[in-house]
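Trainee: Structure file target25.json (JSON, C-alpha atoms and all ligand atoms) is given on the next line.
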[["chain", "number", "residue", "atom", "x", "y", "z"],
["A", 29, "MET", "CA", -44.20, -16.18, -64.20],
["A", 30, "SER", "CA", -42.76, -17.21, -60.87],
["A", 31, "PRO", "CA", -39.03, -16.81, -60.20],
["A", 32, "GLN", "CA", -36.71, -19.85, -60.43],
["A", 33, "ASN", "CA", -34.66, -19.07, -57.33],
["A", 34, "PRO", "CA", -36.64, -16.45, -55.48],
["A", 35, "LYS", "CA", -34.91, -14.03, -53.16],
["A", 36, "CYS", "CA", -36.59, -11.43, -51.04],
["A", 37, "GLY", "CA", -35.56, -8.94, -48.41],
["A", 38, "PHE", "CA", -36.80, -5.95, -46.47],
["A", 39, "ILE", "CA", -34.72, -2.78, -46.57],
["A", 40, "ALA", "CA", -35.45, 0.11, -44.23],
["A", 41, "VAL", "CA", -34.63, 3.61, -45.42],
["A", 42, "LEU", "CA", -33.78, 5.83, -42.47],
["A", 43, "GLY", "CA", -32.58, 9.39, -42.20],
["A", 44, "ALA", "CA", -33.25, 12.88, -40.97],
["A", 45, "PRO", "CA", -36.30, 14.71, -42.33],
["A", 46, "ASN", "CA", -35.80, 15.85, -45.93],
["A", 47, "ALA", "CA", -32.83, 13.59, -46.64],
["A", 48, "GLY", "CA", -34.60, 12.32, -49.78],
["A", 49, "LYS", "CA", -35.85, 8.96, -48.50],
["A", 50, "SER", "CA", -39.18, 9.03, -50.32],
["A", 51, "THR", "CA", -37.56, 10.29, -53.52],
["A", 52, "LEU", "CA", -35.17, 7.35, -53.39],
["A", 53, "VAL", "CA", -37.86, 4.76, -52.68],
["A", 54, "ASN", "CA", -39.99, 6.06, -55.55],
["A", 55, "ARG", "CA", -37.04, 5.84, -57.88],
["A", 56, "MET", "CA", -36.13, 2.30, -56.82],
["A", 57, "VAL", "CA", -39.72, 1.20, -57.29],
["A", 58, "GLY", "CA", -40.00, 3.09, -60.56],
["A", 59, "THR", "CA", -43.31, 4.74, -59.71],
["A", 60, "LYS", "CA", -44.62, 7.05, -57.07],
["A", 61, "VAL", "CA", -45.56, 5.21, -53.89],
["A", 62, "SER", "CA", -44.59, 7.88, -51.39],
["A", 63, "ILE", "CA", -45.17, 11.60, -51.58],
["A", 64, "VAL", "CA", -42.33, 14.11, -51.71],
["A", 65, "SER", "CA", -42.05, 17.78, -50.83],
["A", 66, "PRO", "CA", -39.36, 20.28, -49.83],
["A", 67, "LYS", "CA", -41.00, 20.46, -46.41],
["A", 68, "VAL", "CA", -39.82, 18.34, -43.51],
["A", 69, "GLN", "CA", -42.06, 15.60, -42.17],
["A", 70, "THR", "CA", -43.91, 14.97, -45.39],
["A", 71, "THR", "CA", -43.94, 11.21, -44.85],
["A", 72, "ARG", "CA", -46.07, 10.38, -41.84],
["A", 73, "SER", "CA", -46.25, 6.64, -41.75],
["A", 74, "ARG", "CA", -44.29, 3.60, -42.79],
["A", 75, "ILE", "CA", -44.77, 2.89, -46.46],
["A", 76, "MET", "CA", -43.56, -0.13, -48.35],
["A", 77, "GLY", "CA", -42.36, 0.27, -51.90],
["A", 78, "ILE", "CA", -41.65, -2.92, -53.81],
["A", 79, "ALA", "CA", -39.07, -3.37, -56.58],
["A", 80, "VAL", "CA", -38.28, -6.49, -58.60],
["A", 81, "MET", "CA", -34.97, -7.31, -60.28],
["A", 82, "ASP", "CA", -34.95, -10.68, -62.03],
["A", 83, "ASP", "CA", -35.49, -13.26, -59.27],
["A", 84, "VAL", "CA", -35.17, -10.75, -56.47],
["A", 85, "GLN", "CA", -37.95, -8.87, -54.74],
["A", 86, "LEU", "CA", -36.78, -5.87, -52.73],
["A", 87, "VAL", "CA", -39.20, -4.40, -50.25],
["A", 88, "PHE", "CA", -38.20, -0.88, -49.26],
["A", 89, "ILE", "CA", -39.63, 0.54, -46.08],
["A", 90, "ASP", "CA", -39.88, 4.31, -46.42],
["A", 91, "THR", "CA", -40.06, 5.90, -43.00],
["A", 92, "PRO", "CA", -40.91, 9.27, -41.53],
["A", 93, "GLY", "CA", -37.76, 11.25, -40.83],
["A", 94, "ILE", "CA", -36.20, 10.72, -37.43],
["A", 95, "PHE", "CA", -35.92, 13.84, -35.34],
["A", 96, "GLU", "CA", -36.48, 14.98, -31.80],
["A", 97, "PRO", "CA", -40.21, 14.55, -31.29],
["A", 98, "ARG", "CA", -42.28, 17.15, -29.51],
["A", 99, "ARG", "CA", -45.93, 16.61, -30.30],
["A", 100, "ARG", "CA", -47.93, 13.41, -30.26],
["A", 101, "LEU", "CA", -47.91, 13.11, -34.05],
["A", 102, "ASP", "CA", -44.11, 13.57, -33.99],
["A", 103, "ARG", "CA", -43.73, 10.75, -31.51],
["A", 104, "ALA", "CA", -45.95, 8.45, -33.54],
["A", 105, "MET", "CA", -43.97, 9.19, -36.71],
["A", 106, "VAL", "CA", -40.55, 8.66, -35.17],
["A", 107, "SER", "CA", -41.73, 5.48, -33.52],
["A", 108, "ALA", "CA", -43.02, 4.21, -36.88],
["A", 109, "ALA", "CA", -39.61, 4.94, -38.37],
["A", 110, "TRP", "CA", -37.72, 2.91, -35.77],
["A", 111, "SER", "CA", -40.13, 0.03, -35.96],
["A", 112, "GLY", "CA", -39.65, 0.09, -39.73],
["A", 113, "ALA", "CA", -35.97, -0.45, -39.11],
["A", 114, "SER", "CA", -36.49, -3.30, -36.70],
["A", 115, "ASP", "CA", -38.68, -5.17, -39.22],
["A", 116, "ALA", "CA", -36.02, -4.98, -41.91],
["A", 117, "ASP", "CA", -33.16, -7.27, -42.98],
["A", 118, "PHE", "CA", -31.04, -4.31, -44.09],
["A", 119, "THR", "CA", -30.91, -0.62, -43.32],
["A", 120, "LEU", "CA", -29.91, 2.30, -45.48],
["A", 121, "LEU", "CA", -29.02, 5.50, -43.67],
["A", 122, "LEU", "CA", -29.56, 8.43, -45.97],
["A", 123, "VAL", "CA", -27.62, 11.64, -45.42],
["A", 124, "ASP", "CA", -28.36, 14.87, -47.27],
["A", 125, "VAL", "CA", -24.87, 16.12, -48.15],
["A", 126, "GLU", "CA", -26.16, 19.58, -48.90],
["A", 127, "ALA", "CA", -27.52, 19.95, -45.36],
["A", 128, "GLY", "CA", -24.52, 18.19, -43.86],
["A", 129, "ILE", "CA", -24.26, 15.93, -40.84],
["A", 130, "ARG", "CA", -26.62, 17.45, -38.36],
["A", 131, "ARG", "CA", -27.91, 16.61, -34.94],
["A", 132, "ASP", "CA", -30.72, 14.40, -36.22],
["A", 133, "THR", "CA", -28.33, 12.23, -38.21],
["A", 134, "LYS", "CA", -25.89, 12.02, -35.31],
["A", 135, "ALA", "CA", -28.69, 10.93, -32.99],
["A", 136, "ILE", "CA", -29.71, 8.18, -35.40],
["A", 137, "ILE", "CA", -26.13, 6.92, -35.59],
["A", 138, "GLU", "CA", -25.81, 6.93, -31.79],
["A", 139, "ARG", "CA", -28.96, 4.89, -31.38],
["A", 140, "MET", "CA", -27.87, 2.41, -34.06],
["A", 141, "LYS", "CA", -24.55, 1.99, -32.31],
["A", 142, "LYS", "CA", -26.25, 1.34, -29.01],
["A", 143, "GLU", "CA", -28.45, -1.31, -30.60],
["A", 144, "HIS", "CA", -25.51, -2.84, -32.49],
["A", 145, "LYS", "CA", -27.20, -2.21, -35.82],
["A", 146, "ARG", "CA", -25.36, -1.89, -39.10],
["A", 147, "ALA", "CA", -26.29, 0.00, -42.24],
["A", 148, "HIS", "CA", -25.19, 1.08, -45.67],
["A", 149, "LEU", "CA", -24.38, 4.76, -45.77],
["A", 150, "ILE", "CA", -26.06, 6.58, -48.62],
["A", 151, "LEU", "CA", -24.80, 10.07, -49.34],
["A", 152, "ASN", "CA", -27.64, 11.73, -51.22],
["A", 153, "LYS", "CA", -27.98, 14.96, -53.23],
["A", 154, "ILE", "CA", -24.50, 14.66, -54.72],
["A", 155, "ASP", "CA", -25.73, 16.93, -57.50],
["A", 156, "LYS", "CA", -25.48, 19.72, -54.94],
["A", 157, "VAL", "CA", -21.92, 19.54, -53.59],
["A", 158, "PRO", "CA", -18.36, 19.18, -54.95],
["A", 159, "LYS", "CA", -16.65, 15.81, -54.88],
["A", 160, "GLU", "CA", -14.07, 16.71, -52.22],
["A", 161, "LYS", "CA", -16.87, 17.43, -49.81],
["A", 162, "LEU", "CA", -18.37, 13.97, -50.45],
["A", 163, "LEU", "CA", -15.11, 12.25, -49.69],
["A", 164, "GLU", "CA", -14.83, 14.19, -46.45],
["A", 165, "PHE", "CA", -18.33, 13.11, -45.40],
["A", 166, "ALA", "CA", -17.61, 9.52, -46.35],
["A", 167, "LYS", "CA", -14.44, 9.50, -44.31],
["A", 168, "GLU", "CA", -15.95, 11.18, -41.28],
["A", 169, "LEU", "CA", -18.98, 8.92, -41.19],
["A", 170, "SER", "CA", -17.03, 5.73, -41.90],
["A", 171, "GLU", "CA", -15.23, 6.30, -38.63],
["A", 172, "GLU", "CA", -18.49, 5.66, -36.81],
["A", 173, "GLY", "CA", -17.88, 1.98, -37.51],
["A", 174, "ILE", "CA", -21.46, 0.99, -38.29],
["A", 175, "PHE", "CA", -21.41, 1.19, -42.08],
["A", 176, "ASP", "CA", -20.72, -1.78, -44.36],
["A", 177, "GLU", "CA", -20.74, 0.11, -47.64],
["A", 178, "VAL", "CA", -20.90, 3.69, -48.82],
["A", 179, "PHE", "CA", -22.88, 4.81, -51.87],
["A", 180, "MET", "CA", -23.03, 8.27, -53.36],
["A", 181, "ILE", "CA", -26.21, 9.05, -55.20],
["A", 182, "SER", "CA", -28.62, 11.63, -56.44],
["A", 183, "ALA", "CA", -32.08, 10.24, -55.81],
["A", 184, "LEU", "CA", -33.57, 13.16, -57.69],
["A", 185, "LYS", "CA", -31.45, 12.80, -60.83],
["A", 186, "GLY", "CA", -31.18, 9.03, -60.56],
["A", 187, "LYS", "CA", -27.40, 9.06, -60.40],
["A", 188, "GLY", "CA", -25.92, 5.97, -58.73],
["A", 189, "VAL", "CA", -29.34, 4.53, -57.97],
["A", 190, "LYS", "CA", -29.06, 1.62, -60.41],
["A", 191, "ASP", "CA", -25.75, 0.53, -58.89],
["A", 192, "LEU", "CA", -27.22, 0.71, -55.43],
["A", 193, "LEU", "CA", -30.25, -1.32, -56.48],
["A", 194, "ALA", "CA", -28.08, -3.93, -58.21],
["A", 195, "HIS", "CA", -25.87, -4.22, -55.16],
["A", 196, "LEU", "CA", -28.84, -4.65, -52.84],
["A", 197, "ALA", "CA", -30.40, -7.21, -55.17],
["A", 198, "SER", "CA", -27.19, -9.26, -55.08],
["A", 199, "THR", "CA", -27.27, -9.43, -51.29],
["A", 200, "MET", "CA", -30.91, -10.35, -50.63],
["A", 201, "PRO", "CA", -31.50, -13.66, -48.84],
["A", 202, "GLU", "CA", -33.05, -16.63, -50.61],
["A", 203, "GLY", "CA", -36.72, -17.08, -49.90],
["A", 204, "PRO", "CA", -40.16, -16.73, -51.42],
["A", 205, "TRP", "CA", -41.47, -13.35, -52.50],
["A", 206, "HIS", "CA", -43.70, -11.61, -49.97],
["A", 207, "PHE", "CA", -45.88, -9.82, -52.50],
["A", 208, "PRO", "CA", -47.41, -10.64, -55.89],
["A", 209, "GLU", "CA", -45.05, -9.69, -58.72],
["A", 210, "ASP", "CA", -47.08, -6.70, -59.91],
["A", 211, "GLN", "CA", -47.59, -5.10, -56.50],
["A", 212, "VAL", "CA", -45.61, -1.88, -55.98],
["A", 213, "SER", "CA", -46.75, -0.78, -52.55],
["A", 214, "ASP", "CA", -48.59, -1.89, -49.42],
["A", 215, "MET", "CA", -50.76, 1.21, -49.55],
["A", 216, "THR", "CA", -54.37, 1.06, -50.54],
["A", 217, "GLU", "CA", -55.49, 3.27, -53.41],
["A", 218, "ARG", "CA", -57.65, 5.19, -50.95],
["A", 219, "LEU", "CA", -54.69, 6.06, -48.77],
["A", 220, "LEU", "CA", -52.39, 6.84, -51.68],
["A", 221, "SER", "CA", -55.04, 9.16, -53.10],
["A", 222, "ALA", "CA", -55.28, 11.05, -49.83],
["A", 223, "GLU", "CA", -51.50, 11.29, -49.75],
["A", 224, "ILE", "CA", -51.39, 12.73, -53.27],
["A", 225, "THR", "CA", -53.78, 15.49, -52.22],
["A", 226, "ARG", "CA", -51.69, 16.17, -49.12],
["A", 227, "GLU", "CA", -48.60, 16.44, -51.30],
["A", 228, "LYS", "CA", -50.26, 19.07, -53.49],
["A", 229, "LEU", "CA", -51.30, 20.92, -50.34],
["A", 230, "TYR", "CA", -47.69, 20.90, -49.11],
["A", 231, "LEU", "CA", -46.42, 22.09, -52.45],
["A", 232, "GLN", "CA", -49.00, 24.85, -52.85],
["A", 233, "LEU", "CA", -49.23, 26.29, -49.37],
["A", 234, "ARG", "CA", -46.41, 27.94, -47.55],
["A", 235, "GLN", "CA", -45.64, 28.52, -43.87],
["A", 236, "GLU", "CA", -46.72, 26.44, -40.94],
["A", 237, "LEU", "CA", -50.05, 25.45, -42.38],
["A", 238, "PRO", "CA", -49.37, 22.08, -44.00],
["A", 239, "TYR", "CA", -48.22, 20.49, -40.78],
["A", 240, "ALA", "CA", -51.60, 21.34, -39.29],
["A", 241, "THR", "CA", -53.47, 19.48, -42.00],
["A", 242, "THR", "CA", -54.32, 15.91, -42.74],
["A", 243, "VAL", "CA", -56.29, 14.41, -45.60],
["A", 244, "GLU", "CA", -58.61, 11.43, -45.59],
["A", 245, "THR", "CA", -60.50, 9.67, -48.35],
["A", 246, "GLU", "CA", -64.11, 9.41, -47.19],
["A", 247, "THR", "CA", -65.79, 7.78, -50.16],
["A", 248, "TRP", "CA", -64.58, 5.81, -53.13],
["A", 249, "GLU", "CA", -67.13, 4.91, -55.74],
["A", 250, "ASP", "CA", -66.23, 2.85, -58.80],
["A", 251, "ARG", "CA", -68.55, 3.83, -61.62],
["A", 252, "ASP", "CA", -69.84, 1.69, -64.45],
["A", 253, "ASP", "CA", -68.09, 3.85, -67.05],
["A", 254, "GLY", "CA", -64.70, 2.94, -65.53],
["A", 255, "SER", "CA", -64.24, 6.23, -63.73],
["A", 256, "VAL", "CA", -64.06, 6.69, -59.98],
["A", 257, "LYS", "CA", -65.65, 9.26, -57.71],
["A", 258, "ILE", "CA", -63.47, 10.17, -54.75],
["A", 259, "GLU", "CA", -64.48, 12.41, -51.86],
["A", 260, "GLN", "CA", -61.78, 13.63, -49.54],
["A", 261, "VAL", "CA", -61.75, 15.69, -46.38],
["A", 262, "ILE", "CA", -58.91, 18.05, -45.51],
["A", 263, "PHE", "CA", -58.76, 18.47, -41.74],
["A", 264, "VAL", "CA", -57.34, 21.71, -40.37],
["A", 265, "GLU", "CA", -57.06, 23.05, -36.84],
["A", 266, "ARG", "CA", -58.51, 26.53, -37.18],
["A", 267, "ASP", "CA", -61.04, 28.52, -39.19],
["A", 268, "SER", "CA", -58.28, 30.81, -40.44],
["A", 269, "GLN", "CA", -56.56, 27.80, -41.98],
["A", 270, "LYS", "CA", -59.74, 26.73, -43.62],
["A", 271, "SER", "CA", -60.02, 30.06, -45.41],
["A", 272, "ILE", "CA", -56.40, 29.82, -46.57],
["A", 273, "ILE", "CA", -57.09, 26.45, -48.15],
["A", 274, "LEU", "CA", -60.29, 27.63, -49.77],
["A", 275, "GLY", "CA", -58.64, 30.81, -51.04],
["A", 276, "LYS", "CA", -60.39, 33.82, -52.52],
["A", 277, "GLY", "CA", -63.61, 32.70, -54.15],
["A", 278, "GLY", "CA", -62.51, 29.07, -53.71],
["A", 279, "GLN", "CA", -59.59, 29.55, -56.11],
["A", 280, "GLN", "CA", -57.02, 27.77, -53.96],
["A", 281, "ILE", "CA", -58.97, 24.60, -53.37],
["A", 282, "LYS", "CA", -59.96, 24.50, -57.01],
["A", 283, "LYS", "CA", -56.33, 24.56, -58.05],
["A", 284, "LEU", "CA", -55.53, 21.95, -55.44],
["A", 285, "GLY", "CA", -58.32, 19.69, -56.63],
["A", 286, "SER", "CA", -57.36, 19.89, -60.26],
["A", 287, "GLN", "CA", -53.65, 19.22, -59.61],
["A", 288, "SER", "CA", -54.45, 16.27, -57.41],
["A", 289, "ARG", "CA", -57.00, 14.91, -59.87],
["A", 290, "LEU", "CA", -54.54, 15.08, -62.76],
["A", 291, "GLU", "CA", -51.97, 13.05, -60.88],
["A", 292, "LEU", "CA", -54.57, 10.60, -59.58],
["A", 293, "GLU", "CA", -55.78, 9.97, -63.11],
["A", 294, "GLU", "CA", -52.24, 9.19, -64.13],
["A", 295, "ILE", "CA", -51.54, 6.89, -61.19],
["A", 296, "LEU", "CA", -54.89, 5.11, -61.20],
["A", 297, "ASP", "CA", -55.02, 5.10, -65.00],
["A", 298, "ARG", "CA", -58.69, 6.05, -65.13],
["A", 299, "ARG", "CA", -60.90, 9.10, -65.03],
["A", 300, "VAL", "CA", -61.30, 10.61, -61.59],
["A", 301, "HIS", "CA", -64.04, 12.84, -60.20],
["A", 302, "LEU", "CA", -62.47, 14.39, -57.13],
["A", 303, "PHE", "CA", -64.39, 16.32, -54.49],
["A", 304, "LEU", "CA", -62.54, 18.08, -51.70],
["A", 305, "PHE", "CA", -64.04, 19.31, -48.44],
["A", 306, "VAL", "CA", -62.37, 21.24, -45.64],
["A", 307, "LYS", "CA", -63.29, 20.59, -42.02],
["A", 308, "VAL", "CA", -62.02, 22.27, -38.88],
["A", 309, "ARG", "CA", -61.03, 19.78, -36.18],
["A", 310, "GLU", "CA", -59.23, 21.52, -33.42],
["A", 311, "ASN", "CA", -56.50, 19.20, -32.14],
["A", 312, "TRP", "CA", -56.94, 16.56, -34.81],
["A", 313, "GLY", "CA", -53.36, 15.73, -33.80],
["A", 314, "ASP", "CA", -54.76, 14.40, -30.52],
["A", 315, "ASP", "CA", -57.60, 12.45, -32.07],
["A", 316, "PRO", "CA", -57.03, 8.66, -32.22],
["A", 317, "GLU", "CA", -59.31, 8.42, -35.28],
["A", 318, "ARG", "CA", -56.80, 10.32, -37.38],
["A", 319, "TYR", "CA", -54.01, 7.87, -36.57],
["A", 320, "ARG", "CA", -55.77, 4.64, -37.45],
["A", 321, "ASP", "CA", -55.84, 5.11, -41.24],
["A", 322, "LEU", "CA", -52.16, 5.92, -41.24],
["A", 323, "GLY", "CA", -51.30, 2.86, -39.16],
["A", 324, "LEU", "CA", -49.63, 5.01, -36.54],
["A", 325, "ASP", "CA", -49.44, 4.24, -32.85],
["A", 326, "PHE", "CA", -51.47, 6.87, -31.04],
["A", 327, "ASN", "CA", -49.74, 6.09, -27.77],
["A", 328, "ALA", "CA", -46.16, 6.00, -29.04],
["A", 329, "LYS", "CA", -43.68, 7.03, -26.36],
["B", 401, "LIG", "N1", -31.01, 18.36, -55.36],
["B", 401, "LIG", "C1", -31.54, 17.23, -54.90],
["B", 401, "LIG", "N2", -32.71, 17.27, -54.21],
["B", 401, "LIG", "C2", -33.22, 16.10, -53.76],
["B", 401, "LIG", "C3", -32.55, 14.85, -53.97],
["B", 401, "LIG", "N3", -33.30, 13.89, -53.39],
["B", 401, "LIG", "C4", -34.37, 14.50, -52.84],
["B", 401, "LIG", "N4", -34.33, 15.84, -53.08],
["B", 401, "LIG", "C5", -35.33, 16.86, -52.64],
["B", 401, "LIG", "O1", -35.33, 16.93, -51.23],
["B", 401, "LIG", "C6", -36.65, 17.22, -50.75],
["B", 401, "LIG", "C7", -37.08, 16.19, -49.73],
["B", 401, "LIG", "O2", -37.26, 14.94, -50.39],
["B", 401, "LIG", "P1", -38.12, 13.78, -49.74],
["B", 401, "LIG", "O3", -37.93, 12.58, -50.60],
["B", 401, "LIG", "O4", -39.51, 14.22, -49.43],
["B", 401, "LIG", "O5", -37.31, 13.59, -48.38],
["B", 401, "LIG", "P2", -37.69, 12.67, -47.11],
["B", 401, "LIG", "O6", -38.27, 13.60, -46.11],
["B", 401, "LIG", "O7", -36.37, 12.13, -46.62],
["B", 401, "LIG", "O8", -38.62, 11.61, -47.57],
["B", 401, "LIG", "C8", -37.55, 17.28, -51.98],
["B", 401, "LIG", "O9", -37.70, 18.61, -52.36],
["B", 401, "LIG", "C9", -36.75, 16.49, -53.02],
["B", 401, "LIG", "O10", -37.04, 16.88, -54.34],
["B", 401, "LIG", "C10", -31.31, 14.85, -54.72],
["B", 401, "LIG", "O11", -30.68, 13.82, -54.98],
["B", 401, "LIG", "N5", -30.87, 16.07, -55.15],
["B", 402, "MG", "MG", -40.46, 11.12, -46.96]]
Take the structure I supplied and represent it as structure tokens, if you would.
Mentor:
Amino acid sequence: MSPQNPKCGFIAVLGAPNAGKSTLVNRMVGTKVSIVSPKVQTTRSRIMGIAVMDDVQLVFIDTPGIFEPRRRLDRAMVSAAWSGASDADFTLLLVDVEAGIRRDTKAIIERMKKEHKRAHLILNKIDKVPKEKLLEFAKELSEEGIFDEVFMISALKGKGVKDLLAHLASTMPEGPWHFPEDQVSDMTERLLSAEITREKLYLQLRQELPYATTVETETWEDRDDGSVKIEQVIFVERDSQKSIILGKGGQQIKKLGSQSRLELEEILDRRVHLFLFVKVRENWGDDPERYRDLGLDFNAK
């Protein structure tokens, strides 16, 4: 059924790493389109999550966190975040109230000021701090003069998210929908599947390791019985990392594979045969091949 008076808008979700951007986008969309972990820099590329409210289609652009980039992959991620913002009609700036207003957030605000950009301020993780603290943050940040509205939410618990969504829906411009009504994301199933495995990797493995890994779906084979066979490669930088991922007697990768498979079966709504391989690629972070799938700019400044 097509909408009577269609409205559609693009909304960029910006913020420091770990602010809860992906958690919020997933909640707005109502299903997982972007992976989440307690680690910083989980989201590597720009991901669109699409929500529909009556006649309104809201396209959220989840972005990698904005921080001071050091390595090539950092630069590509931060650049993807800013270009996400420039493609959007509206911007939400998410602040983790538990972490407070840190350098990364201040730097984002400074750049927005310089570019005369405006945003809605979203104070997230309100389940973690007392009310007085929230009001202080709201006051302090309002003085920056770039925020039109302030919302206080818990993306994790869902508190305040409905109000935010309803408000956004009421302000979207008139115009045709950009995506079919049942589409929830601009990601292919292949890419989402690789992301799900990377999420499990982040959740299972501690220390520095996850940042040095990337996952790609190599083959995708739809079978006659309705199931799908997926082969994925986990790229690491060193042999020592490979053995961590494999674990003793292959225990670690087995656990990884079964967790990822369970979630994939839920998301894809079909049986999944998942095969994981680990390959050592020293400096995969400097290999243009690894950027293409993610839609990242290898030469980002
Ligand atoms: N307590 C609490 N944790 C949250 C909330 N929103 C996100 N988180 C957690 O913060 C971490 C980072 O979330 P994520 O969505 O990956 O942040 P991103 O890097 O900004 O995309 C995860 O462990 C989330 O579960 C919230 O409202 N309350
Ligand atoms: Mg994220």
Trainee: Pick the closest to Val243 (chain A) from A:Lys228, A:Lys257, A:His195, A:Lys159: which is it, counting only C-alpha atoms?
Mentor: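 Between A:Lys228, A:Lys257, A:His195, A:Lys159, the residue approaching Val243 (chain A) most closely is A:Lys228.
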Trainee: Measuring atom to atom with only C-alpha atoms, identify which of A:Arg226, A:Val300, A:Gly112, A:Glu177 is nearest to Asp253 (chain A).
Mentor: A:Val300
Trainee: Restricting the calculation to all atoms listed in the file: of A:Ser286, A:Thr91, A:Gln85, A:Ser30, which residue gets closest to Met56 (chain A)?
Mentor: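 Closest residue, counting all atoms listed in the file: A:Gln85.
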Trainee: Counting all atoms listed in the file, which residues of region 225-315 of chain A fall within 12 Å of region 93-104 of chain A, and what is the closest atom pair for each with its distance in Å at one decimal, ordered by chain and rising number, as a tab-separated table?
Mentor:
residue	atom	partner	partner_atom	distance
A:Tyr239	CA	A:Leu101	CA	10.0
A:Ala240	CA	A:Leu101	CA	10.4
A:Thr241	CA	A:Leu101	CA	11.6
A:Thr242	CA	A:Leu101	CA	11.2
A:Asn311	CA	A:Arg100	CA	10.5
A:Trp312	CA	A:Leu101	CA	9.7
A:Gly313	CA	A:Leu101	CA	6.1
A:Asp314	CA	A:Arg100	CA	6.9
A:Asp315	CA	A:Arg100	CA	9.9
Trainee: If you count all atoms listed in the file, which residues end up within 7 Å of ligand LIG 401 (chain B), as a PyMOL selection string?
Mentor: chain A and resi 43-52+63-71+92-93+152-156+181-185
Trainee: With distances taken over only C-alpha atoms, which of A:Arg130, A:His301, A:Arg318, A:Lys141 is nearest to Ser255 (chain A)?
Mentor: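 Among A:Arg130, A:His301, A:Arg318, A:Lys141, it is A:His301 that comes nearest to Ser255 (chain A).
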Trainee: Would you mind listing what lies within 9 Å of Lys145 (chain A) as a PyMOL selection string, with all atoms listed in the file counted and same-chain residues fewer than 4 positions away left out?
Mentor: chain A and resi 119+139-141+174
Trainee: For CA of Lys35 (chain A) and CA of Met180 (chain A), determine how far apart the two atoms are, in Å to one decimal place.
Mentor: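 Interatomic distance, CA of Lys35 (chain A) to CA of Met180 (chain A): 25.3 Å.
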Trainee: As a PyMOL selection string, please: the residues near region 292-294 of chain A (cut-off 10 Å, only C-alpha atoms, same-chain neighbours under 5 positions excluded).
Mentor: chain A and resi 217+220-222+224-225+255-256+286-287+299-302
Trainee: So, with only C-alpha atoms and all ligand atoms as the atoms that count, which of A:Val189, A:Phe175, A:Val80, A:Glu223 lies closest to ligand MG 402 (chain B)?
Mentor: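 Looking only at the distances to ligand MG 402 (chain B), the closest residue turns out to be A:Glu223.
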